[in-house]
file run26.tsv (TSV, C-alpha atoms and all ligand atoms)
chain	number	residue	atom	x	y	z
A	1	MET	CA	5.63	-20.54	7.85
A	2	ALA	CA	3.31	-17.82	6.57
A	3	LYS	CA	4.72	-15.80	3.70
A	4	LEU	CA	4.57	-12.29	2.30
A	5	TYR	CA	3.66	-12.41	-1.38
A	6	PHE	CA	3.90	-9.68	-4.00
A	7	SER	CA	2.13	-10.09	-7.34
A	8	TYR	CA	3.08	-7.22	-9.59
A	9	ALA	CA	2.20	-6.14	-13.09
A	10	ALA	CA	1.71	-3.26	-15.44
A	11	MET	CA	-1.70	-1.60	-15.63
A	12	ASN	CA	-4.88	-3.47	-16.55
A	13	ALA	CA	-3.44	-6.92	-16.05
A	14	GLY	CA	-6.41	-8.09	-14.00
A	15	LYS	CA	-4.69	-8.01	-10.61
A	16	SER	CA	-7.89	-7.21	-8.70
A	17	THR	CA	-9.68	-10.10	-10.40
A	18	ILE	CA	-6.95	-12.50	-9.30
A	19	LEU	CA	-7.05	-11.10	-5.76
A	20	LEU	CA	-10.82	-11.51	-5.49
A	21	GLN	CA	-10.68	-15.04	-6.90
A	22	ALA	CA	-8.00	-16.02	-4.41
A	23	SER	CA	-10.00	-14.56	-1.53
A	24	HIS	CA	-13.10	-16.37	-2.77
A	25	ASN	CA	-11.18	-19.66	-2.72
A	26	TYR	CA	-10.52	-19.17	1.00
A	27	HIS	CA	-14.20	-18.48	1.65
A	28	GLU	CA	-15.21	-21.63	-0.20
A	29	ARG	CA	-13.16	-23.59	2.27
A	30	GLY	CA	-14.85	-21.86	5.18
A	31	MET	CA	-11.90	-19.58	5.93
A	32	GLN	CA	-11.92	-15.87	6.61
A	33	THR	CA	-9.99	-13.18	4.77
A	34	LEU	CA	-9.37	-9.49	5.33
A	35	LEU	CA	-9.06	-7.22	2.30
A	36	TYR	CA	-7.38	-3.83	2.10
A	37	THR	CA	-7.21	-1.26	-0.64
A	38	SER	CA	-5.79	2.24	-0.82
A	39	SER	CA	-7.91	5.14	0.39
A	40	LEU	CA	-6.80	6.98	-2.75
A	41	TYR	CA	-9.62	5.09	-4.44
A	42	ALA	CA	-12.17	5.61	-1.71
A	43	GLU	CA	-14.25	8.33	-3.32
A	44	MET	CA	-14.93	6.27	-6.41
A	45	ASP	CA	-15.00	2.71	-5.18
A	46	LYS	CA	-16.19	3.19	-1.61
A	47	ARG	CA	-15.07	0.45	0.76
A	48	SER	CA	-14.62	-2.32	-1.72
A	49	ILE	CA	-12.32	-3.84	-4.31
A	50	THR	CA	-13.93	-4.01	-7.73
A	51	SER	CA	-12.46	-5.85	-10.68
A	52	ARG	CA	-12.79	-5.06	-14.34
A	53	ILE	CA	-15.15	-7.96	-14.84
A	54	GLY	CA	-17.56	-6.56	-12.27
A	55	VAL	CA	-16.80	-8.75	-9.26
A	56	SER	CA	-16.36	-6.92	-6.00
A	57	ALA	CA	-15.87	-7.52	-2.28
A	58	PRO	CA	-15.83	-5.31	0.81
A	59	ALA	CA	-12.42	-3.98	1.79
A	60	GLU	CA	-10.88	-1.87	4.52
A	61	LEU	CA	-9.12	1.26	3.37
A	62	TYR	CA	-5.57	2.14	4.25
A	63	ASP	CA	-3.83	5.48	4.06
A	64	ASN	CA	-0.16	6.04	4.76
A	65	LYS	CA	-0.75	6.61	8.48
A	66	ILE	CA	-2.42	3.32	9.38
A	67	ASP	CA	-0.38	0.70	11.23
A	68	LEU	CA	-1.40	-2.46	9.42
A	69	PHE	CA	0.16	-4.81	11.97
A	70	GLU	CA	-1.90	-3.21	14.70
A	71	GLN	CA	-5.05	-3.26	12.57
A	72	VAL	CA	-4.72	-6.93	11.72
A	73	SER	CA	-3.90	-7.77	15.34
A	74	ARG	CA	-7.16	-6.14	16.41
A	75	HIS	CA	-9.13	-8.09	13.79
A	76	ILE	CA	-7.72	-11.36	15.10
A	77	GLU	CA	-9.05	-10.56	18.55
A	78	LYS	CA	-12.55	-10.36	17.07
A	79	GLY	CA	-12.43	-13.65	15.23
A	80	PRO	CA	-10.37	-16.07	13.16
A	81	LEU	CA	-8.54	-14.85	10.05
A	82	HIS	CA	-6.71	-16.97	7.50
A	83	CYS	CA	-5.28	-14.60	4.91
A	84	ILE	CA	-4.72	-10.86	4.32
A	85	PHE	CA	-5.09	-9.37	0.84
A	86	VAL	CA	-3.78	-5.93	-0.10
A	87	ASP	CA	-4.71	-4.30	-3.41
A	88	GLU	CA	-2.94	-1.24	-4.87
A	89	ALA	CA	0.07	-2.27	-2.80
A	90	GLN	CA	2.27	0.17	-4.69
A	91	PHE	CA	0.83	2.87	-2.42
A	92	LEU	CA	2.06	1.23	0.80
A	93	THR	CA	4.83	3.02	2.64
A	94	ARG	CA	8.08	1.21	3.42
A	95	ASP	CA	7.01	0.96	7.06
A	96	GLN	CA	3.69	-0.57	6.09
A	97	VAL	CA	5.39	-3.25	4.03
A	98	TRP	CA	7.39	-4.15	7.15
A	99	GLN	CA	4.18	-4.15	9.17
A	100	LEU	CA	2.78	-6.70	6.71
A	101	ALA	CA	5.97	-8.74	6.98
A	102	ARG	CA	5.34	-8.87	10.74
A	103	VAL	CA	1.79	-10.05	10.10
A	104	ALA	CA	3.30	-13.01	8.23
A	105	ASP	CA	6.18	-13.61	10.65
A	106	ARG	CA	4.55	-12.98	14.02
A	107	LEU	CA	0.80	-13.41	13.48
A	108	LYS	CA	1.49	-16.31	11.09
A	109	LEU	CA	-0.97	-15.11	8.46
A	110	PRO	CA	-0.12	-15.19	4.76
A	111	VAL	CA	-0.22	-11.70	3.21
A	112	MET	CA	-0.96	-11.40	-0.51
A	113	CYS	CA	-0.09	-8.00	-2.00
A	114	TYR	CA	-1.03	-6.94	-5.52
A	115	GLY	CA	0.22	-3.82	-7.23
A	116	LEU	CA	2.03	-2.01	-9.97
A	117	ARG	CA	5.78	-2.23	-10.15
A	118	THR	CA	6.57	1.13	-11.74
A	119	ASP	CA	4.84	4.45	-12.38
A	120	PHE	CA	4.31	6.14	-15.75
A	121	GLN	CA	7.85	7.53	-15.62
A	122	GLY	CA	9.35	4.10	-15.15
A	123	ASN	CA	10.20	4.62	-11.46
A	124	LEU	CA	9.43	2.12	-8.73
A	125	PHE	CA	6.61	2.99	-6.35
A	126	GLU	CA	7.65	3.09	-2.70
A	127	GLY	CA	5.51	0.11	-1.70
A	128	SER	CA	6.59	-1.93	-4.69
A	129	SER	CA	10.23	-1.17	-4.09
A	130	GLU	CA	10.07	-2.46	-0.53
A	131	LEU	CA	7.97	-5.47	-1.48
A	132	LEU	CA	10.45	-6.41	-4.22
A	133	ALA	CA	13.16	-6.15	-1.58
A	134	ILE	CA	11.64	-8.22	1.23
A	135	ALA	CA	8.67	-10.30	0.01
A	136	ASP	CA	9.14	-14.07	0.27
A	137	VAL	CA	7.46	-14.78	-3.05
A	138	LEU	CA	7.39	-12.54	-6.14
A	139	ARG	CA	4.93	-13.26	-8.92
A	140	GLU	CA	4.57	-11.44	-12.19
A	141	VAL	CA	1.03	-11.05	-13.54
A	142	ARG	CA	1.44	-10.99	-17.28
A	143	THR	CA	-0.21	-8.61	-19.66
A	144	ILE	CA	0.76	-7.78	-23.22
A	145	CYS	CA	1.67	-4.74	-25.28
A	146	GLU	CA	-0.09	-3.97	-28.56
A	147	CYS	CA	2.86	-5.62	-30.34
A	148	GLY	CA	2.32	-8.92	-28.50
A	149	SER	CA	5.39	-8.68	-26.29
A	150	LYS	CA	5.11	-8.75	-22.53
A	151	ALA	CA	4.06	-5.36	-21.17
A	152	THR	CA	6.13	-4.27	-18.21
A	153	MET	CA	5.67	-0.48	-18.39
A	154	VAL	CA	2.81	2.00	-18.19
A	155	VAL	CA	2.26	5.25	-20.08
A	156	ARG	CA	-0.05	7.99	-18.89
A	157	MET	CA	-2.02	9.80	-21.57
A	158	ASP	CA	-4.31	12.79	-21.51
A	159	GLU	CA	-7.86	12.62	-22.86
A	160	VAL	CA	-6.83	13.10	-26.47
A	161	GLY	CA	-4.05	10.53	-26.46
A	162	ASN	CA	-0.97	12.61	-25.80
A	163	VAL	CA	1.60	10.70	-23.81
A	164	LEU	CA	2.48	12.55	-20.61
A	165	THR	CA	6.01	12.36	-19.29
A	166	LYS	CA	5.73	14.82	-16.40
A	167	GLY	CA	3.43	15.04	-13.40
A	168	ASP	CA	2.83	13.60	-9.94
A	169	GLN	CA	3.23	9.87	-9.37
A	170	VAL	CA	-0.39	9.73	-8.25
A	171	ALA	CA	-2.74	11.76	-10.42
A	172	ILE	CA	-6.39	12.45	-9.89
A	173	GLY	CA	-8.05	13.10	-13.21
A	174	LYS	CA	-9.15	11.77	-16.52
A	175	ASP	CA	-5.79	10.44	-17.56
A	176	VAL	CA	-5.70	7.06	-19.22
A	177	TYR	CA	-3.08	4.40	-18.65
A	178	VAL	CA	-1.89	1.86	-21.16
A	179	SER	CA	0.52	-1.02	-20.67
A	180	LEU	CA	3.42	-1.30	-23.07
A	181	CYS	CA	6.55	-3.35	-23.53
A	182	ARG	CA	9.76	-1.56	-22.60
A	183	LYS	CA	10.76	-0.95	-26.20
A	184	HIS	CA	7.51	0.78	-27.12
A	185	TRP	CA	7.41	2.61	-23.79
A	186	GLU	CA	10.76	4.21	-24.61
A	187	GLU	CA	9.49	5.25	-28.00
A	188	GLN	CA	6.16	6.57	-26.76
A	189	THR	CA	7.75	8.58	-23.96
A	190	GLY	CA	10.23	10.10	-26.39
A	191	ARG	CA	13.33	8.62	-24.77
A	192	TRP	CA	14.31	6.83	-27.94
A	193	PRO	CA	15.48	7.54	-30.55
A	194	ASP	CA	15.30	11.29	-29.92
A	195	ALA	CA	15.62	11.90	-26.15
A	196	GLY	CA	13.83	15.05	-25.14
A	197	ALA	CA	11.07	14.91	-27.73
A	198	SER	CA	7.86	16.16	-26.15
A	199	SER	CA	4.60	14.28	-25.82
A	200	PRO	CA	4.51	12.13	-28.93
A	201	LYS	CA	1.03	11.29	-30.11
A	202	PHE	CA	0.09	7.87	-28.90
A	203	SER	CA	-0.55	5.47	-31.75
A	204	PHE	CA	-2.54	2.81	-29.90
A	205	ALA	CA	-5.34	5.22	-28.99
A	206	GLU	CA	-8.02	2.79	-30.10
A	207	GLU	CA	-6.91	0.26	-27.52
A	208	ALA	CA	-7.26	2.91	-24.82
A	209	ASP	CA	-10.73	3.84	-26.02
A	210	ALA	CA	-11.77	0.24	-25.75
A	211	ALA	CA	-10.70	0.04	-22.11
A	212	ALA	CA	-13.38	-0.85	-19.59
A	213	PRO	CA	-14.82	2.09	-17.63
A	214	ASP	CA	-13.12	1.24	-14.38
A	215	GLU	CA	-9.74	1.10	-16.07
A	216	LYS	CA	-10.20	4.57	-17.39
A	217	ARG	CA	-10.91	5.91	-13.96
A	218	THR	CA	-7.89	4.24	-12.46
A	219	LYS	CA	-5.57	6.89	-11.13
A	220	THR	CA	-2.06	5.88	-10.43
B	301	ZN	ZN	5.44	-3.41	-27.68
call {"tool": "encode", "arguments": {"input": "run26.tsv", "output": "structure tokens"}}
result
Amino acid sequence: MAKLYFSYAAMNAGKSTILLQASHNYHERGMQTLLYTSSLYAEMDKRSITSRIGVSAPAELYDNKIDLFEQVSRHIEKGPLHCIFVDEAQFLTRDQVWQLARVADRLKLPVMCYGLRTDFQGNLFEGSSELLAIADVLREVRTICECGSKATMVVRMDEVGNVLTKGDQVAIGKDVYVSLCRKHWEEQTGRWPDAGASSPKFSFAEEADAAAPDEKRTKT
């Protein structure tokens, strides 16, 4: 029975690297894979998935109008496929997550989705919410906060290190994202101890400066 997988993490956990490695493993065994990533990244990354360590592979783009079940069905007519990979799966719509479930259930192809669980305000993304609800297998990709604890949250900062607490879920711009543990996320976003405090200065700015170029461009 093919399964629908969701590997989720905070920002900069190396999800794309894991995806590309897994796809590569299929190719080594002579099997074919089909990769998707969100069209929200298309202008910068073209039709490919690129990891922080510089590995990349061609990928199809999806926007929120594409029927992924139909797309995958058409690919199968052209030739054999053994696994579907979806990066930036947080941007899937609920319907698209169900379309991927049908790919697993009816086309009998495993579907491996990788994405962020929550946005910078601590809310679930639509795609992640549905994947958490119906995926067969959930996997957490671990990354750590500055303090050494597991990072499960993401803060959005402007160019000078101010933590932003308002704005669209998907932002196009020069904002920087940093993964934090829940405790430090609450402090940095001003929820604790003084709820309502505005844009506290981020104290781990050096870590953000050291981020690889493609992390800095990541817009989520
Ligand atoms: Zn922490």
call {"tool": "atom_distance", "arguments": {"input": "run26.tsv", "atom1": "CA of Leu68 (chain A)", "atom2": "CA of Thr37 (chain A)"}}
result
11.7 Å
call {"tool": "residues_near_ligand", "arguments": {"input": "run26.tsv", "ligand": "ligand ZN 301 (chain B)", "cutoff": "8 Å", "atoms": "all atoms listed in the file", "output": "ChimeraX atom specification"}}
result
/A:144-151,180-185
call {"tool": "atom_distance", "arguments": {"input": "run26.tsv", "atom1": "CA of Gln71 (chain A)", "atom2": "CA of Leu19 (chain A)"}}
result
20.0 Å
call {"tool": "closest_residue", "arguments": {"input": "run26.tsv", "among": "A:Thr33, A:Asn12, A:Asn25, A:Gln169", "to": "Leu109 (chain A)", "atoms": "all atoms listed in the file"}}
result
A:Thr33
call {"tool": "atom_distance", "arguments": {"input": "run26.tsv", "atom1": "CA of Glu140 (chain A)", "atom2": "CA of Leu40 (chain A)"}}
result
23.6 Å
call {"tool": "closest_residue", "arguments": {"input": "run26.tsv", "among": "A:Arg94, A:Arg102, A:Lys78, A:Arg142", "to": "Phe125 (chain A)", "atoms": "only C-alpha atoms"}}
result
A:Arg94
call {"tool": "closest_residue", "arguments": {"input": "run26.tsv", "among": "A:Gly30, A:Gly14, A:Gly115, A:Pro58", "to": "Glu130 (chain A)", "atoms": "all atoms listed in the file"}}
result
A:Gly115
call {"tool": "residues_around", "arguments": {"input": "run26.tsv", "residues": "Ser51 (chain A)", "least_positions_apart": "4", "cutoff": "8 Å", "atoms": "all atoms listed in the file", "output": "MDAnalysis selection string"}}
result
chainID A and resid 14 16:17 20 55:56
call {"tool": "residues_around", "arguments": {"input": "run26.tsv", "residues": "Ala104 (chain A)", "least_positions_apart": "3", "cutoff": "9 Å", "atoms": "only C-alpha atoms", "output": "PyMOL selection string"}}
result
chain A and resi 1-4+99-101+107-111
call {"tool": "closest_residue", "arguments": {"input": "run26.tsv", "among": "A:Gln121, A:Asn162, A:Ser38, A:Gln32", "to": "Glu88 (chain A)", "atoms": "only C-alpha atoms"}}
result
A:Ser38
call {"tool": "axis_aligned_box", "arguments": {"input": "run26.tsv", "around": "region 51-56 of chain A", "padding_each_side": "6 Å", "output": "AutoDock Vina command-line options"}}
result
--center_x -15.0 --center_y -6.9 --center_z -10.4 --size_x 17.1 --size_y 15.7 --size_z 20.8
call {"tool": "closest_residue", "arguments": {"input": "run26.tsv", "among": "A:Met112, A:Ile76, A:Val170, A:Val178", "to": "Arg156 (chain A)", "atoms": "all atoms listed in the file"}}
result
A:Val178
call {"tool": "closest_residue", "arguments": {"input": "run26.tsv", "among": "A:Leu35, A:Thr189, A:Val176, A:Gly127", "to": "His75 (chain A)", "atoms": "only C-alpha atoms"}}
result
A:Leu35
call {"tool": "residues_near_point", "arguments": {"input": "run26.tsv", "point": "(4.6, 4.5, -15.3)", "cutoff": "10 Å", "atoms": "only C-alpha atoms", "output": "count of residues only"}}
result
26
